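K.L.:
Data file upload22.txt (compact mmCIF, C-alpha atoms) is appended below.
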# COMPACT_ATOMS: atom_id res chain seq x y z
CA MET A 998 0.00 0.00 0.00
CA ALA A 999 2.84 2.43 0.85
CA VAL A 1000 4.48 1.83 -2.54
CA LEU A 1001 1.20 2.58 -4.31
CA VAL A 1002 0.77 5.85 -2.39
CA ALA A 1003 4.40 6.87 -3.00
CA ALA A 1004 4.11 6.14 -6.74
CA THR A 1005 0.87 8.11 -6.97
CA VAL A 1006 2.37 11.12 -5.19
CA PHE A 1007 5.46 10.97 -7.41
CA GLY A 1008 3.30 10.85 -10.55
CA LEU A 1009 1.18 13.79 -9.45
CA VAL A 1010 4.20 15.92 -8.57
CA ARG A 1011 5.91 15.09 -11.85
CA ARG A 1012 2.80 15.91 -13.88
CA ARG A 1013 2.46 19.25 -12.11
CA ARG A 1014 6.12 20.21 -12.73
CA ASP A 1015 6.45 18.82 -16.28
CA GLY A 1016 7.09 21.56 -18.85
CA VAL A 1017 6.92 24.46 -16.39
CA LEU A 1018 9.35 27.25 -17.29
CA ARG A 1019 11.20 28.31 -14.16
CA ALA A 1020 13.86 30.92 -13.56
CA ALA A 1021 17.26 29.48 -14.32
CA PRO A 1022 19.37 28.83 -11.23
CA ALA A 1023 22.09 31.43 -10.76
CA ARG A 1024 25.67 30.56 -10.04
CA ALA A 1025 28.51 32.59 -8.62
CA GLY A 1026 29.58 35.24 -11.10
CA THR A 1027 32.87 36.86 -11.84
CA GLY A 1028 32.83 39.08 -8.80
CA ALA A 1029 32.11 42.20 -10.81
CA GLY A 1030 29.15 43.16 -8.61
CA LYS A 1031 29.24 45.81 -5.92
CA ASP A 1032 30.35 43.34 -3.25
CA GLY A 1033 31.80 40.74 -5.59
CA ASP A 1034 28.78 38.50 -5.11
CA ASP A 1035 26.81 39.06 -8.32
CA GLN A 1036 24.88 36.09 -9.67
CA VAL A 1037 25.20 35.11 -13.33
CA GLY A 1038 23.40 32.27 -15.13
CA ASP A 1039 25.08 30.08 -17.72
CA THR A 1040 25.85 31.78 -21.02
CA LEU A 1041 25.84 30.03 -24.38
CA ARG A 1042 27.72 31.26 -27.42
CA PRO A 1043 26.69 30.78 -31.06
CA ASP A 1044 29.65 28.45 -31.66
CA GLU A 1045 28.42 26.17 -28.85
CA LEU A 1046 24.92 26.07 -30.33
CA GLY A 1047 25.99 25.80 -33.96
CA ALA A 1048 23.57 28.63 -34.83
CA ASP A 1049 23.20 32.37 -34.37
CA LEU A 1050 21.44 33.72 -31.30
CA GLY A 1051 18.14 35.50 -31.73
CA GLU A 1052 18.31 39.26 -31.53
CA LYS A 1053 15.95 39.33 -28.53
CA ALA A 1054 15.86 35.72 -27.31
CA THR A 1055 16.74 32.17 -28.29
CA LEU A 1056 14.73 29.03 -27.53
CA VAL A 1057 17.15 26.12 -27.10
CA GLN A 1058 15.70 22.61 -27.11
CA PHE A 1059 17.66 19.51 -26.10
CA SER A 1060 16.13 16.44 -27.76
CA SER A 1061 16.87 12.77 -28.30
CA ALA A 1062 16.14 10.47 -31.22
CA PHE A 1063 13.25 8.50 -29.73
CA CYS A 1064 11.59 11.23 -27.68
CA ALA A 1065 7.90 11.64 -28.57
CA PRO A 1066 7.37 14.86 -26.55
CA CYS A 1067 10.38 16.36 -28.38
CA ARG A 1068 8.42 16.45 -31.65
CA ALA A 1069 5.55 18.38 -30.02
CA THR A 1070 8.04 20.72 -28.35
CA ARG A 1071 9.79 21.34 -31.69
CA ARG A 1072 6.45 22.33 -33.23
CA VAL A 1073 5.50 24.65 -30.35
CA LEU A 1074 8.88 26.39 -30.17
CA GLY A 1075 9.02 26.75 -33.97
CA GLU A 1076 5.59 28.38 -33.98
CA VAL A 1077 6.56 30.79 -31.19
CA ALA A 1078 9.84 31.70 -32.94
CA GLY A 1079 7.85 32.38 -36.12
CA MET A 1080 5.34 34.58 -34.27
CA VAL A 1081 7.73 36.74 -32.22
CA ASP A 1082 10.26 38.94 -34.05
CA GLY A 1083 13.87 38.56 -32.93
CA VAL A 1084 13.36 35.09 -31.43
CA ALA A 1085 15.26 32.06 -32.77
CA HIS A 1086 14.72 28.35 -32.14
CA VAL A 1087 17.69 25.98 -31.94
CA GLU A 1088 17.27 22.23 -31.45
CA LEU A 1089 20.26 20.23 -30.21
CA ASP A 1090 20.68 16.47 -30.09
CA ALA A 1091 21.54 15.70 -26.46
CA GLU A 1092 23.79 12.77 -27.42
CA ALA A 1093 25.83 14.90 -29.82
CA HIS A 1094 26.29 17.69 -27.26
CA LEU A 1095 27.22 15.79 -24.09
CA GLU A 1096 29.54 18.52 -22.81
CA LEU A 1097 26.68 21.06 -22.87
CA VAL A 1098 24.28 18.50 -21.39
CA ARG A 1099 26.59 17.96 -18.43
CA ARG A 1100 27.42 21.65 -17.98
CA LEU A 1101 23.76 22.69 -18.06
CA ASN A 1102 22.55 19.72 -15.99
CA VAL A 1103 20.12 18.44 -18.62
CA VAL A 1104 18.70 15.25 -17.12
CA ARG A 1105 15.81 14.51 -19.51
CA THR A 1106 14.48 15.37 -22.92
CA PRO A 1107 12.99 17.60 -23.96
CA THR A 1108 14.68 20.29 -21.92
CA VAL A 1109 14.03 23.86 -23.05
CA LEU A 1110 16.24 26.84 -22.22
CA ILE A 1111 15.30 30.44 -22.93
CA LEU A 1112 18.30 32.65 -23.56
CA ASP A 1113 18.21 36.43 -23.56
CA GLY A 1114 19.78 38.42 -26.41
CA ALA A 1115 23.25 38.04 -24.87
CA GLY A 1116 22.96 34.25 -24.59
CA ARG A 1117 22.34 34.06 -20.84
CA VAL A 1118 19.98 31.31 -19.66
CA VAL A 1119 17.02 33.06 -18.02
CA ARG A 1120 14.39 30.27 -17.97
CA ARG A 1121 14.36 26.50 -18.29
CA ALA A 1122 11.86 23.66 -18.37
CA ALA A 1123 12.18 19.89 -18.26
CA GLY A 1124 9.40 18.40 -20.34
CA ALA A 1125 7.18 19.83 -23.06
CA PRO A 1126 6.10 23.40 -22.27
CA ARG A 1127 2.77 24.85 -23.38
CA LYS A 1128 2.78 27.52 -26.09
CA ALA A 1129 1.18 30.13 -23.83
CA ASP A 1130 3.80 29.51 -21.15
CA VAL A 1131 6.65 29.99 -23.65
CA ILE A 1132 5.16 33.26 -24.89
CA ALA A 1133 4.71 34.47 -21.30
CA ALA A 1134 8.29 33.52 -20.43
CA LEU A 1135 9.56 35.46 -23.43
CA GLY A 1136 7.94 38.54 -21.92
CA VAL A 1137 10.37 38.14 -19.02
CA ALA A 1138 13.39 37.38 -21.23
CA ILE A 1139 12.88 40.23 -23.71
CA PRO A 1140 13.55 43.65 -22.20
Just give me the structure as structure tokens.
P.N.:
Amino acid sequence: MAVLVAATVFGLVRRRRDGVLRAAPARAGTGAGKDGDDQVGDTLRPDELGADLGEKATLVQFSSAFCAPCRATRRVLGEVAGMVDGVAHVELDAEAHLELVRRLNVVRTPTVLILDGAGRVVRRAAGAPRKADVIAALGVAIP
């Protein structure tokens, strides 16, 4: 009985968190802040992505070959990038970019990162995000 309850709770929590775009965790910066304690998220360069950054924001999707939710995520992010000027969509194969996967702590596919115009990770989601949530998150990422 305890296993059944634990599995049910786990499933409900995972369903609630799946695809939710959250603020990217900050990490210690370069010390350029007033007290040397500024917080800076990870930054991705065009050469790491194999594509140019969007002028305002970039939607980065980590996918794998046999991931069904990745196809839906590709469609949603492509539609959003087509709707919003200055936003680019880049899809990366997780297996082909293991160094980035490890550095960015990507533990499942699809994982979506929203980068600002400078390439800083400002939001992230594990799982397939909803179109409305991506558009809302871009409002935060685009100044």
K.L.:
Using all atoms listed in the file, pick whichever of A:Val1098, A:Val1073, A:Val1057, A:Ala1062 has the shortest atom-to-atom distance to A:Ala1085.
P.N.:
A:Val1057
K.L.:
So, with only C-alpha atoms as the atoms that count, which of A:Cys1067, A:Ala1129, A:Ala1091, A:Leu1050 lies closest to A:Gly1116?
P.N.:
A:Leu1050
K.L.:
Compile the contact shell of A:Pro1066 as a PyMOL selection string: residues with an atom at most 7 Å away, counting only C-alpha atoms, same-chain residues fewer than 4 positions apart removed.
P.N.:
chain A and resi 1070+1107+1125
K.L.:
Given 3 Å on each side, where is the centre and what are the edge lengths in Å to one decimal of the axis-aligned box enclosing the listed atoms of stretch 1046-1065 of chain A, as AutoDock Vina command-line options?
P.N.:
--center_x 16.9 --center_y 23.9 --center_z -30.5 --size_x 24.1 --size_y 36.8 --size_z 14.7
K.L.:
For atom CA of A:Ala1093 and atom CA of A:Asp1130, determine how far apart the two atoms are, in Å to one decimal place.
P.N.:
27.8 Å
K.L.:
Can you pull out every residue within 10 Å of A:Leu1074, counting all atoms listed in the file, but drop anything in the same chain fewer than 6 positions away, and send it as a PDB file with C-alpha atoms, in the coordinates of the input?
P.N.:
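Output file selection_16.pdb is given in full below:
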ATOM      1  CA  THR A1055      16.740  32.170 -28.290  1.00  0.00           C
ATOM      2  CA  LEU A1056      14.730  29.030 -27.530  1.00  0.00           C
ATOM      3  CA  VAL A1057      17.150  26.120 -27.100  1.00  0.00           C
ATOM      4  CA  GLN A1058      15.700  22.610 -27.110  1.00  0.00           C
ATOM      5  CA  MET A1080       5.340  34.580 -34.270  1.00  0.00           C
ATOM      6  CA  VAL A1084      13.360  35.090 -31.430  1.00  0.00           C
ATOM      7  CA  ALA A1085      15.260  32.060 -32.770  1.00  0.00           C
ATOM      8  CA  HIS A1086      14.720  28.350 -32.140  1.00  0.00           C
ATOM      9  CA  VAL A1087      17.690  25.980 -31.940  1.00  0.00           C
ATOM     10  CA  GLU A1088      17.270  22.230 -31.450  1.00  0.00           C
ATOM     11  CA  VAL A1109      14.030  23.860 -23.050  1.00  0.00           C
ATOM     12  CA  ALA A1125       7.180  19.830 -23.060  1.00  0.00           C
ATOM     13  CA  PRO A1126       6.100  23.400 -22.270  1.00  0.00           C
ATOM     14  CA  ARG A1127       2.770  24.850 -23.380  1.00  0.00           C
ATOM     15  CA  LYS A1128       2.780  27.520 -26.090  1.00  0.00           C
ATOM     16  CA  VAL A1131       6.650  29.990 -23.650  1.00  0.00           C
ATOM     17  CA  ILE A1132       5.160  33.260 -24.890  1.00  0.00           C
TER      18      ILE A1132
END
K.L.:
Just how far from atom CA of A:Glu1092 is atom CA of A:Ala1115, in Å to one decimal?
P.N.:
25.4 Å
K.L.:
Kindly indicate which residue among A:Asp1090, A:Leu1135, A:Leu1097, A:Asp1113 lies nearest to A:Asp1044, using only C-alpha atoms for the distances.
P.N.:
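Nearest to A:Asp1044: A:Leu1097.
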K.L.:
At what distance in Å, to one decimal, does atom CA of A:Val1002 lie from atom CA of A:Arg1121?
P.N.:
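Separation between atom CA of A:Arg1121 and atom CA of A:Val1002: 29.4 Å.
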K.L.:
Starting from the sparse input, extend stretch 1121-1132 of chain A to all heavy atoms and give the output as a tab-separated table (two decimals), in the frame of the given file.
P.N.:
chain	number	residue	atom	x	y	z
A	1121	ARG	N	14.17	27.87	-17.83
A	1121	ARG	CA	14.36	26.50	-18.29
A	1121	ARG	C	13.17	25.65	-17.88
A	1121	ARG	O	12.49	25.94	-16.90
A	1121	ARG	CB	15.66	25.91	-17.78
A	1121	ARG	CG	15.73	25.61	-16.31
A	1121	ARG	CD	17.08	25.03	-15.89
A	1121	ARG	NE	17.25	23.70	-16.40
A	1121	ARG	CZ	18.42	23.20	-16.81
A	1121	ARG	NH1	19.50	23.92	-16.75
A	1121	ARG	NH2	18.50	21.98	-17.27
A	1122	ALA	N	12.94	24.60	-18.66
A	1122	ALA	CA	11.86	23.66	-18.37
A	1122	ALA	C	12.32	22.26	-18.76
A	1122	ALA	O	12.97	22.07	-19.78
A	1122	ALA	CB	10.61	24.02	-19.16
A	1123	ALA	N	11.98	21.29	-17.93
A	1123	ALA	CA	12.18	19.89	-18.26
A	1123	ALA	C	10.81	19.34	-18.63
A	1123	ALA	O	9.87	19.41	-17.85
A	1123	ALA	CB	12.76	19.13	-17.07
A	1124	GLY	N	10.69	18.84	-19.85
A	1124	GLY	CA	9.40	18.40	-20.34
A	1124	GLY	C	8.88	19.36	-21.39
A	1124	GLY	O	9.50	20.39	-21.68
A	1125	ALA	N	7.76	19.02	-21.98
A	1125	ALA	CA	7.18	19.83	-23.06
A	1125	ALA	C	6.39	21.01	-22.51
A	1125	ALA	O	5.37	20.81	-21.85
A	1125	ALA	CB	6.29	18.95	-23.93
A	1126	PRO	N	6.83	22.23	-22.77
A	1126	PRO	CA	6.10	23.40	-22.27
A	1126	PRO	C	4.90	23.72	-23.17
A	1126	PRO	O	4.87	23.36	-24.34
A	1126	PRO	CB	7.13	24.52	-22.34
A	1126	PRO	CG	8.03	24.13	-23.44
A	1126	PRO	CD	8.07	22.62	-23.43
A	1127	ARG	N	3.92	24.41	-22.60
A	1127	ARG	CA	2.77	24.85	-23.38
A	1127	ARG	C	3.13	26.14	-24.12
A	1127	ARG	O	3.96	26.93	-23.65
A	1127	ARG	CB	1.58	25.11	-22.47
A	1127	ARG	CG	1.05	23.85	-21.80
A	1127	ARG	CD	-0.13	24.10	-20.90
A	1127	ARG	NE	0.02	25.33	-20.13
A	1127	ARG	CZ	-0.96	26.20	-19.91
A	1127	ARG	NH1	-2.16	25.97	-20.35
A	1127	ARG	NH2	-0.74	27.29	-19.21
A	1128	LYS	N	2.51	26.35	-25.26
A	1128	LYS	CA	2.78	27.52	-26.09
A	1128	LYS	C	2.56	28.82	-25.32
A	1128	LYS	O	3.39	29.73	-25.38
A	1128	LYS	CB	1.89	27.46	-27.33
A	1128	LYS	CG	2.17	28.50	-28.37
A	1128	LYS	CD	1.28	28.24	-29.57
A	1128	LYS	CE	1.57	29.14	-30.71
A	1128	LYS	NZ	0.75	28.83	-31.88
A	1129	ALA	N	1.47	28.92	-24.59
A	1129	ALA	CA	1.18	30.13	-23.83
A	1129	ALA	C	2.25	30.41	-22.78
A	1129	ALA	O	2.60	31.57	-22.54
A	1129	ALA	CB	-0.19	30.02	-23.17
A	1130	ASP	N	2.77	29.34	-22.17
A	1130	ASP	CA	3.80	29.51	-21.15
A	1130	ASP	C	5.12	30.02	-21.77
A	1130	ASP	O	5.81	30.84	-21.17
A	1130	ASP	CB	4.05	28.21	-20.40
A	1130	ASP	CG	2.85	27.78	-19.57
A	1130	ASP	OD1	2.03	28.65	-19.24
A	1130	ASP	OD2	2.78	26.57	-19.24
A	1131	VAL	N	5.44	29.54	-22.97
A	1131	VAL	CA	6.65	29.99	-23.65
A	1131	VAL	C	6.53	31.47	-24.00
A	1131	VAL	O	7.45	32.26	-23.78
A	1131	VAL	CB	6.93	29.15	-24.91
A	1131	VAL	CG1	8.13	29.70	-25.69
A	1131	VAL	CG2	7.18	27.69	-24.54
A	1132	ILE	N	5.38	31.85	-24.53
A	1132	ILE	CA	5.16	33.26	-24.89
A	1132	ILE	C	5.24	34.15	-23.65
A	1132	ILE	O	5.86	35.21	-23.67
A	1132	ILE	CB	3.81	33.42	-25.62
A	1132	ILE	CG1	3.88	32.73	-27.00
A	1132	ILE	CG2	3.46	34.90	-25.79
A	1132	ILE	CD1	2.54	32.59	-27.69
